[in-house]
Amino acid sequence: MSAWTEGSGDAALVEAARDGDRAAFGLLYDRYARMVHGVLLARAPYSDVDDLVQDVFLLALRRLPSLRDPNSFGAWIAAIARNRAHDFHRRSREDVELTEDVCAQEDLSRAAPEADAASALGAIRSLPEAYRETLILRLVEGMTGPEIAARTGLTPGSVRVNLHRGMQQLREKLGYGSG
Amino acid sequence: MSKKDISDYLWDGSGEPDPEIQRLESVLGKLGHRGGRPVFPDAVPTARPWWSGLPFGWPLRIASVAAVLAMVFLWFLVRRPKPGLSTASGWEVARLAGAPRVDTRTIERANGRLAPGQTLVTDSRSRADITVAEIGEIEVEPDTRLRLLQSGAARKQLALDRGVIHAFIWAPPGQFVVDTPSATAVDMGCAYTLQVDDSGAGLLRTTLGWVGFKLDGHEAFIPAGAVCATRPGIGPGTPCFEDASPAFRAALARFDFGPAGERASSLDTLLDQSRKRDALTLWHLLGRVDTGDRARVYDRLAALVPPPRAVTREGILRLDQSMLDSWWNELGLGDVSLWRTWERSWSASDHKLR
């Protein structure tokens with residue numbers, strides 16, 4: 001039976017995972033999967049995100065020995081996710097010339113049930129990157145501001161600013177009431 | 001701050017709900033992460049970078065690394081091959097243990113390269129790691145013999161004659177292929193372990209994504225958590241999930257590779273013991289059972305995973321490929337169109353080569 005609990009610290013889980021403890025790495029997955037999913041969804045097509053999440057965690061598992069500060073696991077895996085999304089687009093462009101518009105306005109009709117979701121997601125993706133990621137973590141993944149800060153390694157102040165400015169721009173894009 | 005600045009609701013979900021944010025949460029929440037925890041491969045602890053153990057701070061560590069890099073660069077300038085003797089092709093091979101060999105050359109301190117036409121061999125105490133031309137990594141276990149057949153932009157092909165490899169591939173589906181004496185494993189975006197014994201029999205275990213296994217039109221799709229055996233002269237057996245009951249797995253082994261007289265009783269056990277998750281196995285059995293038994297497999301599979309509307313019993317009984325594919329997609333184990341696309345491109349490129 002695993003000795004790990006929800007309260008176990010990241011550093012202890014990372015150290016154990018480095019020594020081959022899969023239960024510890026599984027808990028890290030449970031803790032960070034939503035964040036990684038959101039970071040990827042801000043950049044990659046919805047239909048590919050689940051596979052990319054698995055790629056990111058497997059890459060992280062293999063690269064865990066190179067993580068210097070076990071307490072910065074969140075920021076580290078977020079960076080891997082951003083790189084993986086970048087790599088995904090680079091490879092996609094080798095096959096098909098994908099434009100930013102195509103990414104922003106992807107057809108979710110087959111992959112997701114709501115056409116509204118596609119247009120809302122497209123509007124968020126047209127925002128500056130920092131706002132895009134934070135808003136997706138808040139509105140899509142259901143994370144709170146303090147959670148986003150804790151998981152991504154951003155300061156609470158940065159998250160607050162990103163949410164505030166991002167939401168303002170999103171309301172304008174969606175034509176929501178300004179008063 | 002006004003309501004349109006940052007409300008408590010936007011910050012942490014507390015306070016007075018904002019109807020616009022609530023609407024967005026309702027619409028977009030459906031796209032959030034839902035996947036369960038995947039099966040992670042055994043986490044083999046890897047050596048930490050050697051510089052992390054240096055007993056001084058980062059400025060000195062960086063200086064040490066720079067000095068070593070400078071020496072490596074100088075060594076490279078002195079030792080680089082003459083023009084015309086290119087070593088640029090091939091994949092980088094790093095020694096993990098013992099003394100792996102590429103053809104007759106032993107890999108010790110410096111990394112080696114595995115070029116098309118060359119063979120990597122590990123003895124009982126050697127292990128190696130191959131970096132596959134920016135698309136993945138392969139760990140090679142002891143007592144393994146692995147040949148690189150080709151490393152083109154569109155296709156990377158190895159032959160595993162014997163031994164064990166762990167492949168983690170992030171290439172587009174269908175680009176990375178491993179031949180074994182009894183089947184060809186085609187990566188469809190995944191991590192997997194492939195082993196081949198001295199008789200040429202093999203076993204493929206997928207840990208992430210899925211893998212196709214094929215021989216002469218006989219094919220098997222192996223998703224994460226599943227295994228599939230293969231035998232010389234027979235080809236890929238029927239895949240099953242590793243958490244299937246021992247009785248189910250034993251019956252499957254008898255059905256695939258046992259005496260012909262045991263097939264009927266093995267099929268009875270398979271149908272009787274199958275869970276919803278074993279739809280993977282039953283779908284494959286549709287094309288492998290005798291015609292007279294196909295209806296029984298259809299009925300059991302339909303009870304576990306109802307076929308899509310366009311799929312008819314009659315169509316499945318005559319093994320209509322598009323209906324079989326549609327039903328496969330209904331199982332939620334991967335999109336078979338990726339495999340069909342790969343098959344077409346593979347056939348086309350083979351045709352061009354001829």
# chains A, B, ... in the order shown; residues from 1 in each chain; ligands from 1
call {"tool": "interface_residues", "arguments": {"of": "chain A", "to": "chain B", "cutoff": "6 Å", "atoms": "only C-alpha atoms", "output": "PyMOL selection string"}}
result
chain A and resi 18-20+34+37+65+117+139-141+144-145+164
call {"tool": "write_last_selection", "arguments": {"atoms": "C-alpha atoms", "output": "short mmCIF file (atom, residue, chain, number, x, y, z; two decimals), in the first residue's frame"}}
result
data_model
loop_
_atom_site.label_atom_id
_atom_site.label_comp_id
_atom_site.auth_asym_id
_atom_site.auth_seq_id
_atom_site.Cartn_x
_atom_site.Cartn_y
_atom_site.Cartn_z
CA ARG A 18 13.17 9.64 -9.11
CA ASP A 19 13.89 6.44 -7.23
CA GLY A 20 11.27 4.57 -9.25
CA ARG A 34 -5.39 19.66 -15.06
CA HIS A 37 -4.02 20.00 -19.88
CA PRO A 65 16.67 13.30 -12.70
CA ALA A 117 -17.32 26.03 -26.62
CA LEU A 139 -12.61 28.78 -16.97
CA VAL A 140 -11.92 25.41 -18.60
CA GLU A 141 -10.03 23.49 -15.93
CA THR A 144 -9.03 28.97 -8.67
CA GLY A 145 -6.55 31.85 -8.81
CA HIS A 164 -8.34 40.61 -14.57
#
call {"tool": "residues_around", "arguments": {"residues": "Tyr176 (chain A)", "least_positions_apart": "2", "cutoff": "12 Å", "atoms": "only C-alpha atoms", "output": "list of chain:residue names"}}
result
A:Ala120, A:Met167, A:Gln168, A:Gln169, A:Leu170, A:Arg171, A:Glu172, A:Lys173, A:Leu174, A:Ser178, A:Gly179, B:Lys4, B:Pro19, B:Glu20, B:Ile21, B:Arg23, B:Leu24
call {"tool": "residues_around", "arguments": {"residues": "Phe73 (chain A)", "least_positions_apart": "5", "cutoff": "8 Å", "atoms": "only C-alpha atoms", "output": "ChimeraX atom specification"}}
result
/A:10-11,14,67
call {"tool": "residues_around", "arguments": {"residues": "Ala150 (chain A)", "least_positions_apart": "6", "cutoff": "12 Å", "atoms": "only C-alpha atoms", "output": "compact mmCIF listing (two decimals) with N, CA and C atoms, in the first residue's frame"}}
result
# COMPACT_ATOMS: atom_id res chain seq x y z
N ASP A 10 5.36 18.13 -2.76
CA ASP A 10 5.90 17.85 -4.09
C ASP A 10 7.33 17.32 -4.04
N ARG A 31 -2.14 15.60 -9.32
CA ARG A 31 -2.05 16.98 -8.84
C ARG A 31 -1.88 17.97 -9.98
N TYR A 32 -1.17 17.57 -11.05
CA TYR A 32 -0.80 18.54 -12.08
C TYR A 32 -1.45 18.30 -13.44
N MET A 35 -3.54 21.21 -14.81
CA MET A 35 -2.72 22.35 -15.20
C MET A 35 -2.05 22.08 -16.55
N ASN A 71 11.04 21.27 -5.53
CA ASN A 71 9.88 22.09 -5.18
C ASN A 71 9.32 22.86 -6.38
N SER A 72 10.10 22.92 -7.46
CA SER A 72 9.62 23.68 -8.62
C SER A 72 9.07 22.75 -9.70
N PHE A 73 8.59 21.58 -9.28
CA PHE A 73 8.06 20.62 -10.24
C PHE A 73 6.96 21.24 -11.13
N GLY A 74 6.07 22.04 -10.53
CA GLY A 74 4.96 22.63 -11.29
C GLY A 74 5.44 23.52 -12.43
N ALA A 75 6.32 24.45 -12.08
CA ALA A 75 6.84 25.37 -13.11
C ALA A 75 7.61 24.58 -14.16
N ALA A 78 5.21 22.64 -16.42
CA ALA A 78 4.50 23.61 -17.27
C ALA A 78 5.39 24.00 -18.45
N MET A 143 -9.80 25.74 -12.15
CA MET A 143 -8.89 26.01 -11.05
C MET A 143 -9.12 27.43 -10.51
N THR A 144 -8.91 27.63 -9.23
CA THR A 144 -9.03 28.97 -8.67
C THR A 144 -7.72 29.72 -8.88
N PRO A 156 0.87 34.95 -7.02
CA PRO A 156 -0.57 35.26 -6.99
C PRO A 156 -0.88 36.60 -7.66
N GLY A 157 0.03 37.56 -7.50
CA GLY A 157 -0.19 38.87 -8.11
C GLY A 157 -0.25 38.78 -9.63
N SER A 158 0.65 37.99 -10.22
CA SER A 158 0.65 37.85 -11.68
C SER A 158 -0.62 37.18 -12.16
N VAL A 159 -1.02 36.16 -11.42
CA VAL A 159 -2.24 35.44 -11.82
C VAL A 159 -3.44 36.39 -11.75
call {"tool": "select_by_dssp", "arguments": {"residues": "region 168-233 of chain B", "states": "strand (DSSP E or B)", "output": "ChimeraX atom specification"}}
result
/B:168-169,176-179,184-187,190-196,202-208,210-215,218-223,226-231
call {"tool": "residues_around", "arguments": {"residues": "Arg95 (chain B)", "least_positions_apart": "2", "cutoff": "8 Å", "atoms": "only C-alpha atoms", "output": "CSV table (one decimal) with C-alpha atoms, in the first residue's frame"}}
result
chain,number,residue,atom,x,y,z
B,93,VAL,CA,24.0,5.4,-29.0
B,97,ALA,CA,26.0,-0.4,-18.7
B,98,GLY,CA,28.7,-2.9,-19.8
B,99,ALA,CA,30.1,-2.7,-23.3
B,100,PRO,CA,27.5,-2.6,-26.0
B,107,ILE,CA,30.9,1.8,-27.1
B,108,GLU,CA,32.6,2.8,-23.9
B,109,ARG,CA,33.1,6.4,-22.7
B,111,ASN,CA,28.8,7.8,-27.5
B,126,SER,CA,25.3,-4.4,-21.4
B,127,ARG,CA,22.6,-1.9,-21.8
B,128,ALA,CA,22.3,1.0,-24.2
B,129,ASP,CA,20.2,4.0,-25.0
call {"tool": "residues_around", "arguments": {"residues": "Asp55 (chain A)", "least_positions_apart": "2", "cutoff": "9 Å", "atoms": "only C-alpha atoms", "output": "VMD selection string"}}
result
(chain A and resid 50 to 53 57 to 60 81 84) or (chain B and resid 170 190 208)
call {"tool": "closest_residue", "arguments": {"among": "B:Gly15, B:Pro307, B:Gly200, B:Gly212", "to": "Gly233 (chain B)", "atoms": "only C-alpha atoms"}}
result
B:Gly200
call {"tool": "decode", "arguments": {"residues": "region 13-41 of chain A", "atoms": "N, CA and C atoms", "output": "mmCIF file, in the first residue's frame"}}
result
data_model
loop_
_atom_site.group_PDB
_atom_site.id
_atom_site.type_symbol
_atom_site.label_atom_id
_atom_site.label_comp_id
_atom_site.auth_asym_id
_atom_site.auth_seq_id
_atom_site.Cartn_x
_atom_site.Cartn_y
_atom_site.Cartn_z
ATOM 1 N N LEU A 13 7.522 13.729 -3.178
ATOM 2 C CA LEU A 13 6.994 12.901 -4.271
ATOM 3 C C LEU A 13 7.999 12.836 -5.423
ATOM 4 N N VAL A 14 8.609 13.974 -5.724
ATOM 5 C CA VAL A 14 9.592 13.995 -6.820
ATOM 6 C C VAL A 14 10.780 13.103 -6.480
ATOM 7 N N GLU A 15 11.272 13.205 -5.254
ATOM 8 C CA GLU A 15 12.430 12.381 -4.862
ATOM 9 C C GLU A 15 12.091 10.895 -4.953
ATOM 10 N N ALA A 16 10.876 10.555 -4.485
ATOM 11 C CA ALA A 16 10.473 9.143 -4.530
ATOM 12 C C ALA A 16 10.313 8.678 -5.976
ATOM 13 N N ALA A 17 9.713 9.544 -6.798
ATOM 14 C CA ALA A 17 9.501 9.180 -8.207
ATOM 15 C C ALA A 17 10.843 8.982 -8.907
ATOM 16 N N ARG A 18 11.828 9.793 -8.529
ATOM 17 C CA ARG A 18 13.170 9.641 -9.107
ATOM 18 C C ARG A 18 13.757 8.274 -8.788
ATOM 19 N N ASP A 19 13.360 7.751 -7.630
ATOM 20 C CA ASP A 19 13.886 6.443 -7.227
ATOM 21 C C ASP A 19 13.014 5.299 -7.729
ATOM 22 N N GLY A 20 12.061 5.626 -8.614
ATOM 23 C CA GLY A 20 11.273 4.569 -9.252
ATOM 24 C C GLY A 20 9.922 4.313 -8.624
ATOM 25 N N ASP A 21 9.469 5.182 -7.708
ATOM 26 C CA ASP A 21 8.175 4.965 -7.055
ATOM 27 C C ASP A 21 7.058 5.489 -7.968
ATOM 28 N N ARG A 22 6.332 4.561 -8.597
ATOM 29 C CA ARG A 22 5.294 4.976 -9.544
ATOM 30 C C ARG A 22 4.081 5.568 -8.845
ATOM 31 N N ALA A 23 3.811 5.117 -7.609
ATOM 32 C CA ALA A 23 2.669 5.676 -6.875
ATOM 33 C C ALA A 23 2.904 7.165 -6.622
ATOM 34 N N ALA A 24 4.140 7.513 -6.296
ATOM 35 C CA ALA A 24 4.463 8.922 -6.055
ATOM 36 C C ALA A 24 4.281 9.727 -7.334
ATOM 37 N N PHE A 25 4.732 9.164 -8.449
ATOM 38 C CA PHE A 25 4.570 9.898 -9.707
ATOM 39 C C PHE A 25 3.091 9.986 -10.105
ATOM 40 N N GLY A 26 2.343 8.943 -9.774
ATOM 41 C CA GLY A 26 0.906 8.973 -10.035
ATOM 42 C C GLY A 26 0.220 10.103 -9.282
ATOM 43 N N LEU A 27 0.663 10.339 -8.043
ATOM 44 C CA LEU A 27 0.079 11.448 -7.281
ATOM 45 C C LEU A 27 0.446 12.793 -7.897
ATOM 46 N N LEU A 28 1.680 12.881 -8.391
ATOM 47 C CA LEU A 28 2.057 14.119 -9.086
ATOM 48 C C LEU A 28 1.182 14.313 -10.314
ATOM 49 N N TYR A 29 0.891 13.207 -11.002
ATOM 50 C CA TYR A 29 -0.003 13.292 -12.167
ATOM 51 C C TYR A 29 -1.370 13.833 -11.734
ATOM 52 N N ASP A 30 -1.934 13.223 -10.694
ATOM 53 C CA ASP A 30 -3.256 13.669 -10.227
ATOM 54 C C ASP A 30 -3.246 15.156 -9.884
ATOM 55 N N ARG A 31 -2.144 15.598 -9.320
ATOM 56 C CA ARG A 31 -2.051 16.975 -8.839
ATOM 57 C C ARG A 31 -1.879 17.972 -9.982
ATOM 58 N N TYR A 32 -1.171 17.568 -11.045
ATOM 59 C CA TYR A 32 -0.803 18.539 -12.078
ATOM 60 C C TYR A 32 -1.450 18.296 -13.443
ATOM 61 N N ALA A 33 -2.220 17.226 -13.591
ATOM 62 C CA ALA A 33 -2.753 16.911 -14.924
ATOM 63 C C ALA A 33 -3.657 18.023 -15.460
ATOM 64 N N ARG A 34 -4.500 18.595 -14.580
ATOM 65 C CA ARG A 34 -5.388 19.664 -15.063
ATOM 66 C C ARG A 34 -4.575 20.857 -15.552
ATOM 67 N N MET A 35 -3.542 21.206 -14.808
ATOM 68 C CA MET A 35 -2.722 22.351 -15.204
ATOM 69 C C MET A 35 -2.047 22.084 -16.551
ATOM 70 N N VAL A 36 -1.469 20.892 -16.700
ATOM 71 C CA VAL A 36 -0.791 20.557 -17.955
ATOM 72 C C VAL A 36 -1.804 20.562 -19.103
ATOM 73 N N HIS A 37 -2.975 20.012 -18.854
ATOM 74 C CA HIS A 37 -4.021 19.998 -19.876
ATOM 75 C C HIS A 37 -4.359 21.420 -20.313
ATOM 76 N N GLY A 38 -4.503 22.319 -19.344
ATOM 77 C CA GLY A 38 -4.847 23.705 -19.663
ATOM 78 C C GLY A 38 -3.741 24.404 -20.443
ATOM 79 N N VAL A 39 -2.509 24.187 -20.024
ATOM 80 C CA VAL A 39 -1.372 24.812 -20.725
ATOM 81 C C VAL A 39 -1.344 24.350 -22.181
ATOM 82 N N LEU A 40 -1.607 23.072 -22.386
ATOM 83 C CA LEU A 40 -1.597 22.536 -23.762
ATOM 84 C C LEU A 40 -2.796 23.037 -24.551
ATOM 85 N N LEU A 41 -3.960 23.083 -23.898
ATOM 86 C CA LEU A 41 -5.165 23.505 -24.606
ATOM 87 C C LEU A 41 -5.053 24.963 -25.064
#
